[in-house]
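Have a look at start-v1.txt below; it lists compact mmCIF, C-alpha atoms.
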```txt
# COMPACT_ATOMS: atom_id res chain seq x y z
CA MET L 19 64.22 129.79 104.04
CA ASN L 20 66.48 126.95 102.93
CA ASP L 21 67.74 129.13 100.06
CA ALA L 22 68.55 131.90 102.54
CA ILE L 23 70.59 129.47 104.65
CA GLN L 24 72.41 128.22 101.55
CA PHE L 25 73.13 131.81 100.47
CA SER L 26 74.46 132.58 103.95
CA LYS L 27 76.77 129.56 103.83
CA GLU L 28 78.04 130.55 100.40
CA LYS L 29 78.58 134.14 101.56
CA LEU L 30 80.42 132.91 104.66
CA ALA L 31 82.68 130.69 102.57
CA GLU L 32 83.39 133.57 100.17
CA ASP L 33 84.17 135.91 103.09
CA LEU L 34 86.48 133.32 104.63
CA HIS L 35 88.34 132.91 101.34
CA GLN L 36 88.78 136.69 101.11
CA GLY L 37 89.89 136.95 104.75
CA ILE L 38 92.48 134.23 104.24
CA ALA L 39 93.77 135.93 101.09
CA ASP L 40 94.01 139.26 102.92
CA ALA L 41 95.88 137.69 105.84
CA GLU L 42 98.31 135.95 103.48
CA GLU L 43 98.92 139.27 101.72
CA MET L 44 99.59 140.93 105.09
CA LEU L 45 102.11 138.21 105.92
CA ARG L 46 103.91 138.79 102.62
CA LEU L 47 104.00 142.56 103.16
CA THR L 48 105.38 142.29 106.70
CA ALA L 49 107.93 139.57 105.94
CA ASP L 50 110.81 142.03 106.07
CA HIS L 51 109.94 143.19 109.59
CA VAL L 52 112.22 141.51 112.08
CA GLY L 53 111.90 140.93 115.75
CA GLU L 54 110.83 138.13 117.98
CA SER L 55 107.29 139.43 118.50
CA ALA L 56 106.75 139.92 114.75
CA THR L 57 108.06 136.42 114.06
CA GLN L 58 105.80 134.91 116.73
CA LEU L 59 102.80 136.84 115.41
CA ARG L 60 103.43 135.65 111.86
CA GLY L 61 103.73 132.08 113.15
CA ARG L 62 100.40 132.29 114.99
CA ILE L 63 98.72 133.83 111.96
CA ARG L 64 100.09 131.07 109.71
CA GLU L 65 98.75 128.40 112.10
CA ARG L 66 95.32 130.03 112.24
CA LEU L 67 95.24 130.40 108.47
CA ALA L 68 96.08 126.74 108.02
CA ARG L 69 93.32 125.80 110.47
CA ALA L 70 90.83 128.12 108.73
CA LYS L 71 91.68 126.64 105.32
CA THR L 72 91.15 123.12 106.67
CA GLU L 73 87.81 124.05 108.24
CA LEU L 74 86.71 125.82 105.08
CA ALA L 75 87.56 122.78 102.96
CA HIS L 76 85.60 120.59 105.39
CA LEU L 77 82.62 122.99 105.23
CA GLN L 78 82.66 122.83 101.44
CA GLU L 79 82.81 119.01 101.48
CA VAL L 80 79.88 118.80 103.92
CA THR L 81 77.82 121.27 101.87
CA VAL L 82 78.44 119.36 98.65
CA ALA L 83 77.59 116.05 100.34
CA LYS L 84 74.33 117.46 101.71
CA ALA L 85 73.38 118.90 98.32
CA ARG L 86 74.05 115.56 96.65
CA ALA L 87 72.01 113.73 99.30
CA ALA L 88 69.11 116.15 98.85
CA GLY L 89 69.25 115.72 95.09
CA HIS L 90 69.32 111.94 95.44
CA ALA L 91 66.37 111.97 97.86
CA THR L 92 64.40 114.22 95.51
CA ASP L 93 65.17 111.96 92.57
CA GLU L 94 63.99 108.90 94.51
CA PHE L 95 60.80 110.64 95.62
CA VAL L 96 59.96 111.73 92.08
CA HIS L 97 60.53 108.22 90.73
CA GLU L 98 58.47 106.61 93.49
CA ASN L 99 55.66 109.20 93.42
CA PRO L 100 55.38 110.64 89.91
CA TRP L 101 51.76 111.81 90.25
CA LYS L 102 52.41 113.55 93.55
CA SER L 103 55.43 115.25 92.03
CA ILE L 104 53.39 116.44 89.05
CA GLY L 105 50.67 117.73 91.39
CA VAL L 106 53.15 119.61 93.58
CA ALA L 107 54.88 121.12 90.54
CA ALA L 108 51.53 122.17 89.03
CA GLY L 109 50.43 123.70 92.35
CA LEU L 110 53.64 125.64 92.72
CA GLY L 111 53.40 126.82 89.13
CA LEU L 112 49.84 128.01 89.74
CA VAL L 113 50.79 129.90 92.91
CA ILE L 114 53.81 131.51 91.27
CA GLY L 115 51.70 132.45 88.24
CA LEU L 116 49.07 134.06 90.45
CA LEU L 117 51.70 136.00 92.38
CA ILE L 118 53.35 137.24 89.19
CA SER L 119 50.05 138.25 87.58
CA ARG L 120 49.16 140.44 90.56
CA ARG L 121 52.15 142.69 90.00
```

Output the file's structure as structure tokens, nothing else.
Amino acid sequence: MNDAIQFSKEKLAEDLHQGIADAEEMLRLTADHVGESATQLRGRIRERLARAKTELAHLQEVTVAKARAAGHATDEFVHENPWKSIGVAAGLGLVIGLLISRR
């Protein structure tokens, strides 16, 4: 389930990047349109894009920090409990092997 959540976060970040790129392209294409309402709309879109970029960068930083923390915690656990780690790895290998052999 944790992998599914990670995949969802990565997909969300990718979709946000694409949405931002599309919005920036729209702004470039409509730059020659004049009028107060068009100018105000472009200003609001630019503000929202800037906010979205900031939030996306923060999301990426948080995700990287959590991944590093999880890796560090795993490393500490393995060093403190080598026999438990070997047992868990062997058990998982056995279960995966049994599941694969049934296909």

- Determine the nearest neighbour of Leu47 in chain L from the options L:Lys84, L:His76, L:His35, L:Arg60, counting all atoms listed in the file.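 That would be L:Arg60, the residue with the smallest distance to Leu47 in chain L.
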
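CA of Ile38 in chain L to CA of Arg64 in chain L spans 9.9 Å [interatomic distance, one decimal].
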
- Counting only C-alpha atoms, note down every residue that has an atom within 12 Å of the point (58.8, 116.8, 98.9) (file coordinates), as a count of residues only. 19

- Task: Just give me the gap between CA of Leu30 in chain L and CA of Val82 in chain L in Å, one decimal is fine.
- Result: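 Between CA of Leu30 in chain L and CA of Val82 in chain L the gap is 15.0 Å.
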
Fewer than 6 positions away in the same chain doesn't count, so skip those; otherwise give me all residues within 12 Å of Arg62 in chain L, counting only C-alpha atoms, as a PDB file with C-alpha atoms, in the frame of the given file.
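The resulting file, around-v7.pdb, is shown below:
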```pdb
ATOM      1  CA  ALA L  41      95.880 137.690 105.840  1.00  0.00           C
ATOM      2  CA  LEU L  45     102.110 138.210 105.920  1.00  0.00           C
ATOM      3  CA  SER L  55     107.290 139.430 118.500  1.00  0.00           C
ATOM      4  CA  ALA L  56     106.750 139.920 114.750  1.00  0.00           C
ATOM      5  CA  ALA L  68      96.080 126.740 108.020  1.00  0.00           C
ATOM      6  CA  ARG L  69      93.320 125.800 110.470  1.00  0.00           C
TER       7      ARG L  69
END
```

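CA of Ala75 in chain L to CA of Ala49 in chain L spans 26.6 Å [interatomic distance, one decimal].
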
Reconstruct N, CA and C atoms of range 91-108 of chain L; output as an mmCIF file, in the frame of the given file.
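Result saved to part-v3.cif:
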```cif
data_model
loop_
_atom_site.group_PDB
_atom_site.id
_atom_site.type_symbol
_atom_site.label_atom_id
_atom_site.label_comp_id
_atom_site.auth_asym_id
_atom_site.auth_seq_id
_atom_site.Cartn_x
_atom_site.Cartn_y
_atom_site.Cartn_z
ATOM 1 N N ALA L 91 67.667 112.202 97.209
ATOM 2 C CA ALA L 91 66.370 111.970 97.860
ATOM 3 C C ALA L 91 65.225 112.503 97.004
ATOM 4 N N THR L 92 65.417 113.654 96.394
ATOM 5 C CA THR L 92 64.400 114.220 95.510
ATOM 6 C C THR L 92 64.182 113.327 94.301
ATOM 7 N N ASP L 93 65.260 112.845 93.726
ATOM 8 C CA ASP L 93 65.170 111.960 92.570
ATOM 9 C C ASP L 93 64.403 110.682 92.919
ATOM 10 N N GLU L 94 64.707 110.107 94.076
ATOM 11 C CA GLU L 94 63.990 108.900 94.510
ATOM 12 C C GLU L 94 62.512 109.181 94.720
ATOM 13 N N PHE L 95 62.195 110.306 95.356
ATOM 14 C CA PHE L 95 60.800 110.640 95.620
ATOM 15 C C PHE L 95 60.029 110.807 94.315
ATOM 16 N N VAL L 96 60.634 111.495 93.362
ATOM 17 C CA VAL L 96 59.960 111.730 92.080
ATOM 18 C C VAL L 96 59.735 110.407 91.348
ATOM 19 N N HIS L 97 60.706 109.504 91.398
ATOM 20 C CA HIS L 97 60.530 108.220 90.730
ATOM 21 C C HIS L 97 59.501 107.336 91.431
ATOM 22 N N GLU L 98 59.425 107.427 92.743
ATOM 23 C CA GLU L 98 58.470 106.610 93.490
ATOM 24 C C GLU L 98 57.066 107.210 93.493
ATOM 25 N N ASN L 99 56.961 108.523 93.363
ATOM 26 C CA ASN L 99 55.660 109.200 93.420
ATOM 27 C C ASN L 99 55.515 110.198 92.274
ATOM 28 N N PRO L 100 55.416 109.698 91.039
ATOM 29 C CA PRO L 100 55.380 110.640 89.910
ATOM 30 C C PRO L 100 54.138 111.529 89.908
ATOM 31 N N TRP L 101 52.977 110.996 90.286
ATOM 32 C CA TRP L 101 51.760 111.810 90.250
ATOM 33 C C TRP L 101 51.763 112.870 91.334
ATOM 34 N N LYS L 102 52.289 112.531 92.499
ATOM 35 C CA LYS L 102 52.410 113.550 93.550
ATOM 36 C C LYS L 102 53.353 114.655 93.120
ATOM 37 N N SER L 103 54.439 114.271 92.489
ATOM 38 C CA SER L 103 55.430 115.250 92.030
ATOM 39 C C SER L 103 54.817 116.188 90.993
ATOM 40 N N ILE L 104 54.047 115.618 90.073
ATOM 41 C CA ILE L 104 53.390 116.440 89.050
ATOM 42 C C ILE L 104 52.391 117.384 89.709
ATOM 43 N N GLY L 105 51.639 116.884 90.685
ATOM 44 C CA GLY L 105 50.670 117.730 91.390
ATOM 45 C C GLY L 105 51.336 118.861 92.149
ATOM 46 N N VAL L 106 52.428 118.562 92.833
ATOM 47 C CA VAL L 106 53.150 119.610 93.580
ATOM 48 C C VAL L 106 53.719 120.639 92.617
ATOM 49 N N ALA L 107 54.305 120.192 91.517
ATOM 50 C CA ALA L 107 54.880 121.120 90.540
ATOM 51 C C ALA L 107 53.790 121.997 89.926
ATOM 52 N N ALA L 108 52.636 121.399 89.605
ATOM 53 C CA ALA L 108 51.530 122.170 89.030
ATOM 54 C C ALA L 108 51.008 123.187 90.047
#
```
